[in-house]
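What follows is model-v5.txt (compact mmCIF, N, CA, C and O atoms).
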```txt
# COMPACT_ATOMS: atom_id res chain seq x y z
N MET A 1 0.85 -1.17 0.00
CA MET A 1 0.00 0.00 0.00
C MET A 1 0.90 1.24 0.00
O MET A 1 1.92 1.30 0.66
N ALA A 2 0.51 2.23 -0.75
CA ALA A 2 1.28 3.46 -0.84
C ALA A 2 1.18 4.26 0.46
O ALA A 2 0.13 4.31 1.09
N ALA A 3 2.29 4.87 0.84
CA ALA A 3 2.31 5.71 2.04
C ALA A 3 1.63 7.05 1.79
O ALA A 3 1.14 7.69 2.70
N VAL A 4 1.64 7.47 0.51
CA VAL A 4 1.03 8.74 0.13
C VAL A 4 0.07 8.49 -1.02
O VAL A 4 0.43 7.85 -2.00
N GLN A 5 -1.13 8.97 -0.89
CA GLN A 5 -2.12 8.78 -1.95
C GLN A 5 -1.77 9.63 -3.16
O GLN A 5 -1.33 10.76 -3.04
N SER A 6 -1.95 9.05 -4.36
CA SER A 6 -1.69 9.76 -5.60
C SER A 6 -2.70 10.88 -5.80
O SER A 6 -3.85 10.74 -5.45
N ARG A 7 -2.23 11.97 -6.37
CA ARG A 7 -3.12 13.06 -6.76
C ARG A 7 -2.93 13.26 -8.25
O ARG A 7 -1.97 13.89 -8.69
N MET A 8 -3.82 12.67 -9.01
CA MET A 8 -3.72 12.73 -10.46
C MET A 8 -4.10 14.12 -10.95
O MET A 8 -4.99 14.76 -10.41
N ILE A 9 -3.38 14.57 -11.97
CA ILE A 9 -3.74 15.83 -12.62
C ILE A 9 -4.26 15.50 -14.01
O ILE A 9 -3.96 14.45 -14.57
N VAL A 10 -5.05 16.36 -14.56
CA VAL A 10 -5.67 16.14 -15.86
C VAL A 10 -4.59 16.15 -16.94
O VAL A 10 -3.68 16.99 -16.92
N LEU A 11 -4.69 15.19 -17.88
CA LEU A 11 -3.77 15.18 -19.01
C LEU A 11 -3.84 16.52 -19.73
O LEU A 11 -4.91 17.11 -19.88
N GLY A 12 -2.69 17.02 -20.15
CA GLY A 12 -2.63 18.30 -20.83
C GLY A 12 -2.36 19.46 -19.90
O GLY A 12 -2.15 20.58 -20.34
N THR A 13 -2.34 19.19 -18.59
CA THR A 13 -2.02 20.22 -17.61
C THR A 13 -0.56 20.62 -17.77
O THR A 13 0.29 19.77 -18.03
N ALA A 14 -0.27 21.91 -17.63
CA ALA A 14 1.12 22.37 -17.71
C ALA A 14 1.94 21.67 -16.63
O ALA A 14 1.48 21.45 -15.50
N LEU A 15 3.15 21.31 -16.98
CA LEU A 15 4.04 20.62 -16.05
C LEU A 15 4.38 21.51 -14.87
O LEU A 15 4.86 22.62 -15.04
N PRO A 16 4.13 21.03 -13.65
CA PRO A 16 4.53 21.81 -12.48
C PRO A 16 6.06 21.86 -12.41
O PRO A 16 6.74 20.92 -12.82
N ALA A 17 6.60 22.94 -11.90
CA ALA A 17 8.06 23.07 -11.76
C ALA A 17 8.57 22.00 -10.80
O ALA A 17 7.94 21.70 -9.79
N PHE A 18 9.72 21.41 -11.14
CA PHE A 18 10.33 20.42 -10.26
C PHE A 18 11.84 20.42 -10.46
O PHE A 18 12.35 20.90 -11.46
N SER A 19 12.53 19.89 -9.49
CA SER A 19 13.96 19.59 -9.62
C SER A 19 14.21 18.33 -8.80
O SER A 19 13.76 18.21 -7.66
N LEU A 20 14.88 17.36 -9.45
CA LEU A 20 15.12 16.05 -8.85
C LEU A 20 16.51 15.57 -9.24
O LEU A 20 17.01 15.92 -10.31
N PRO A 21 17.14 14.74 -8.40
CA PRO A 21 18.45 14.20 -8.79
C PRO A 21 18.30 13.09 -9.83
O PRO A 21 17.41 12.25 -9.73
N ASP A 22 19.17 13.13 -10.85
CA ASP A 22 19.25 12.04 -11.81
C ASP A 22 19.78 10.82 -11.06
O ASP A 22 20.78 10.90 -10.37
N THR A 23 19.11 9.68 -11.19
CA THR A 23 19.51 8.51 -10.41
C THR A 23 20.80 7.89 -10.90
O THR A 23 21.41 7.10 -10.19
N THR A 24 21.24 8.24 -12.09
CA THR A 24 22.49 7.69 -12.62
C THR A 24 23.68 8.58 -12.28
O THR A 24 24.68 8.13 -11.74
N SER A 25 23.55 9.88 -12.58
CA SER A 25 24.69 10.79 -12.42
C SER A 25 24.65 11.60 -11.13
O SER A 25 25.67 12.14 -10.71
N GLY A 26 23.47 11.71 -10.53
CA GLY A 26 23.32 12.54 -9.34
C GLY A 26 23.11 14.01 -9.67
O GLY A 26 22.81 14.82 -8.80
N LYS A 27 23.25 14.37 -10.96
CA LYS A 27 23.04 15.75 -11.41
C LYS A 27 21.58 16.13 -11.16
O LYS A 27 20.68 15.32 -11.32
N ILE A 28 21.36 17.37 -10.75
CA ILE A 28 19.98 17.85 -10.54
C ILE A 28 19.36 18.18 -11.90
O ILE A 28 19.92 18.94 -12.68
N ILE A 29 18.22 17.60 -12.14
CA ILE A 29 17.44 17.82 -13.37
C ILE A 29 16.23 18.64 -12.98
O ILE A 29 15.59 18.38 -11.97
N SER A 30 15.91 19.65 -13.78
CA SER A 30 14.72 20.45 -13.47
C SER A 30 13.82 20.55 -14.69
O SER A 30 14.24 20.33 -15.82
N SER A 31 12.59 20.91 -14.43
CA SER A 31 11.62 21.08 -15.51
C SER A 31 12.08 22.17 -16.47
O SER A 31 11.82 22.09 -17.67
N ALA A 32 12.81 23.15 -15.97
CA ALA A 32 13.30 24.24 -16.83
C ALA A 32 14.27 23.71 -17.89
O ALA A 32 14.38 24.30 -18.98
N ASP A 33 14.95 22.61 -17.61
CA ASP A 33 15.88 22.02 -18.59
C ASP A 33 15.15 21.53 -19.84
O ASP A 33 15.77 21.31 -20.87
N TYR A 34 13.85 21.30 -19.72
CA TYR A 34 13.07 20.73 -20.81
C TYR A 34 12.00 21.68 -21.34
O TYR A 34 11.09 21.23 -22.05
N ALA A 35 12.12 22.94 -21.03
CA ALA A 35 11.12 23.92 -21.50
C ALA A 35 10.99 23.85 -23.02
O ALA A 35 11.98 23.90 -23.74
N GLY A 36 9.76 23.66 -23.49
CA GLY A 36 9.49 23.63 -24.93
C GLY A 36 9.83 22.31 -25.60
O GLY A 36 9.72 22.19 -26.81
N LYS A 37 10.27 21.31 -24.83
CA LYS A 37 10.63 20.01 -25.39
C LYS A 37 9.66 18.95 -24.86
O LYS A 37 9.14 19.07 -23.76
N PRO A 38 9.44 17.90 -25.66
CA PRO A 38 8.58 16.82 -25.15
C PRO A 38 9.26 16.11 -23.97
O PRO A 38 10.48 15.94 -23.96
N LEU A 39 8.48 15.73 -22.99
CA LEU A 39 9.03 15.12 -21.79
C LEU A 39 8.03 14.14 -21.20
O LEU A 39 6.85 14.45 -21.10
N ALA A 40 8.50 12.97 -20.83
CA ALA A 40 7.69 12.01 -20.09
C ALA A 40 8.36 11.82 -18.74
O ALA A 40 9.57 11.60 -18.67
N VAL A 41 7.59 11.91 -17.67
CA VAL A 41 8.11 11.73 -16.32
C VAL A 41 7.37 10.55 -15.70
O VAL A 41 6.14 10.52 -15.70
N ALA A 42 8.13 9.59 -15.20
CA ALA A 42 7.53 8.43 -14.53
C ALA A 42 8.09 8.35 -13.12
O ALA A 42 9.30 8.27 -12.94
N PHE A 43 7.24 8.41 -12.15
CA PHE A 43 7.63 8.26 -10.76
C PHE A 43 7.40 6.79 -10.39
O PHE A 43 6.26 6.38 -10.20
N ILE A 44 8.48 6.04 -10.36
CA ILE A 44 8.38 4.61 -10.10
C ILE A 44 9.38 4.22 -9.01
O ILE A 44 10.34 4.92 -8.74
N CYS A 45 9.15 3.10 -8.41
CA CYS A 45 10.02 2.57 -7.36
C CYS A 45 10.75 1.36 -7.93
O CYS A 45 10.11 0.40 -8.35
N ASN A 46 12.08 1.40 -7.97
CA ASN A 46 12.82 0.36 -8.67
C ASN A 46 12.82 -1.01 -7.98
O ASN A 46 13.34 -1.97 -8.53
N HIS A 47 12.24 -1.14 -6.80
CA HIS A 47 12.15 -2.45 -6.16
C HIS A 47 10.70 -2.96 -6.05
O HIS A 47 10.46 -4.04 -5.54
N CYS A 48 9.76 -2.20 -6.57
CA CYS A 48 8.35 -2.59 -6.55
C CYS A 48 8.14 -3.79 -7.48
O CYS A 48 8.61 -3.78 -8.62
N PRO A 49 7.43 -4.83 -7.04
CA PRO A 49 7.21 -5.99 -7.91
C PRO A 49 6.49 -5.64 -9.21
O PRO A 49 6.76 -6.25 -10.24
N TYR A 50 5.61 -4.67 -9.17
CA TYR A 50 4.90 -4.27 -10.39
C TYR A 50 5.86 -3.60 -11.37
O TYR A 50 5.78 -3.80 -12.58
N VAL A 51 6.78 -2.79 -10.85
CA VAL A 51 7.78 -2.14 -11.70
C VAL A 51 8.77 -3.18 -12.22
O VAL A 51 9.12 -3.17 -13.41
N LEU A 52 9.22 -4.08 -11.37
CA LEU A 52 10.14 -5.13 -11.82
C LEU A 52 9.53 -5.93 -12.96
O LEU A 52 10.22 -6.32 -13.90
N HIS A 53 8.22 -6.15 -12.88
CA HIS A 53 7.52 -6.92 -13.91
C HIS A 53 7.57 -6.23 -15.28
O HIS A 53 7.63 -6.90 -16.31
N ILE A 54 7.57 -4.91 -15.31
CA ILE A 54 7.55 -4.18 -16.59
C ILE A 54 8.89 -3.51 -16.90
O ILE A 54 9.00 -2.80 -17.90
N ALA A 55 9.92 -3.75 -16.10
CA ALA A 55 11.19 -3.03 -16.23
C ALA A 55 11.80 -3.14 -17.62
O ALA A 55 12.22 -2.13 -18.20
N ASP A 56 11.86 -4.33 -18.18
CA ASP A 56 12.48 -4.50 -19.50
C ASP A 56 11.68 -3.78 -20.59
O ASP A 56 12.24 -3.10 -21.45
N ALA A 57 10.35 -3.90 -20.54
CA ALA A 57 9.51 -3.23 -21.53
C ALA A 57 9.59 -1.71 -21.37
O ALA A 57 9.62 -0.97 -22.35
N PHE A 58 9.66 -1.25 -20.13
CA PHE A 58 9.75 0.19 -19.87
C PHE A 58 11.09 0.73 -20.39
O PHE A 58 11.14 1.80 -21.00
N ALA A 59 12.17 -0.02 -20.19
CA ALA A 59 13.49 0.39 -20.69
C ALA A 59 13.49 0.44 -22.22
O ALA A 59 14.06 1.37 -22.81
N ALA A 60 12.86 -0.54 -22.86
CA ALA A 60 12.78 -0.54 -24.33
C ALA A 60 11.97 0.66 -24.83
O ALA A 60 12.35 1.31 -25.81
N PHE A 61 10.86 0.95 -24.15
CA PHE A 61 10.05 2.12 -24.48
C PHE A 61 10.89 3.39 -24.38
O PHE A 61 10.90 4.23 -25.28
N ALA A 62 11.61 3.53 -23.27
CA ALA A 62 12.44 4.72 -23.06
C ALA A 62 13.50 4.84 -24.14
O ALA A 62 13.73 5.94 -24.68
N LYS A 63 14.15 3.75 -24.49
CA LYS A 63 15.19 3.78 -25.51
C LYS A 63 14.61 4.18 -26.87
O LYS A 63 15.17 5.01 -27.58
N ASP A 64 13.47 3.59 -27.24
CA ASP A 64 12.81 3.91 -28.52
C ASP A 64 12.45 5.39 -28.60
O ASP A 64 12.71 6.06 -29.59
N TYR A 65 11.82 5.88 -27.55
CA TYR A 65 11.33 7.25 -27.60
C TYR A 65 12.42 8.29 -27.34
O TYR A 65 12.31 9.42 -27.80
N GLN A 66 13.49 7.93 -26.65
CA GLN A 66 14.62 8.85 -26.49
C GLN A 66 15.22 9.12 -27.87
O GLN A 66 15.58 10.26 -28.18
N ALA A 67 15.30 8.09 -28.70
CA ALA A 67 15.83 8.26 -30.05
C ALA A 67 14.93 9.14 -30.91
O ALA A 67 15.39 9.74 -31.89
N LYS A 68 13.66 9.29 -30.50
CA LYS A 68 12.72 10.14 -31.23
C LYS A 68 12.60 11.53 -30.63
O LYS A 68 11.76 12.32 -31.02
N GLY A 69 13.44 11.82 -29.62
CA GLY A 69 13.47 13.16 -29.05
C GLY A 69 12.64 13.35 -27.79
O GLY A 69 12.49 14.47 -27.31
N LEU A 70 12.08 12.27 -27.25
CA LEU A 70 11.28 12.38 -26.02
C LEU A 70 12.18 12.23 -24.83
O LEU A 70 13.03 11.36 -24.79
```
Give the structure from this file in structure tokens form.
Amino acid sequence: MAAVQSRMIVLGTALPAFSLPDTTSGKIISSADYAGKPLAVAFICNHCPYVLHIADAFAAFAKDYQAKGL
């Protein structure tokens, strides 16, 4: 069970400002870095069984769409 309940926002809503550490490099990434560019943000837990179940497909999706500029 989640410790914090999700608060979904309507699709098409402007991206709220954020800054988060990149999990690979530790560099801080912010929404301002992507102003005017397509961006997909996924908040996932890397040890969750549901995430582990889709990890390979999610990585393939990310690789495909990164090559397309997302």
Between atom N of Asp33 in chain A and atom O of Leu20 in chain A - distance in Å to one decimal: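 Calculated distance between atom O of Leu20 in chain A and atom N of Asp33 in chain A is 10.1 Å.
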Gap from atom O of Leu70 in chain A to atom C of Pro38 in chain A - Å, one decimal: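 Between atom O of Leu70 in chain A and atom C of Pro38 in chain A the gap is 6.1 Å.
Backbone DSSP assigns helix (DSSP H, G or I) in chain A to A:Ser31, A:Ala32, A:Asp33, A:Tyr34, A:Pro49, A:Tyr50, A:Val51, A:Leu52, A:His53, A:Ile54, A:Ala55, A:Asp56, A:Ala57, A:Phe58, A:Ala59, A:Ala60, A:Phe61, A:Ala62, A:Lys63, A:Asp64, A:Tyr65, A:Gln66.
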Gap from CA of Ala59 in chain A to CA of Ala40 in chain A - Å, one decimal: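 Going from CA of Ala59 in chain A over to CA of Ala40 in chain A, I get 13.0 Å.
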Backbone-only DSSP, strand (DSSP E) members of chain A, as a ChimeraX atom specification: /A:19-21,28-30
Polymer residues at most 7 Å from Ser19 in chain A, all atoms listed in the file, same-chain spacing of 6 or more positions, as a list of chain:residue names: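 The neighbour list is A:Ile28, A:Ile29, A:Ser30, A:Ser31.
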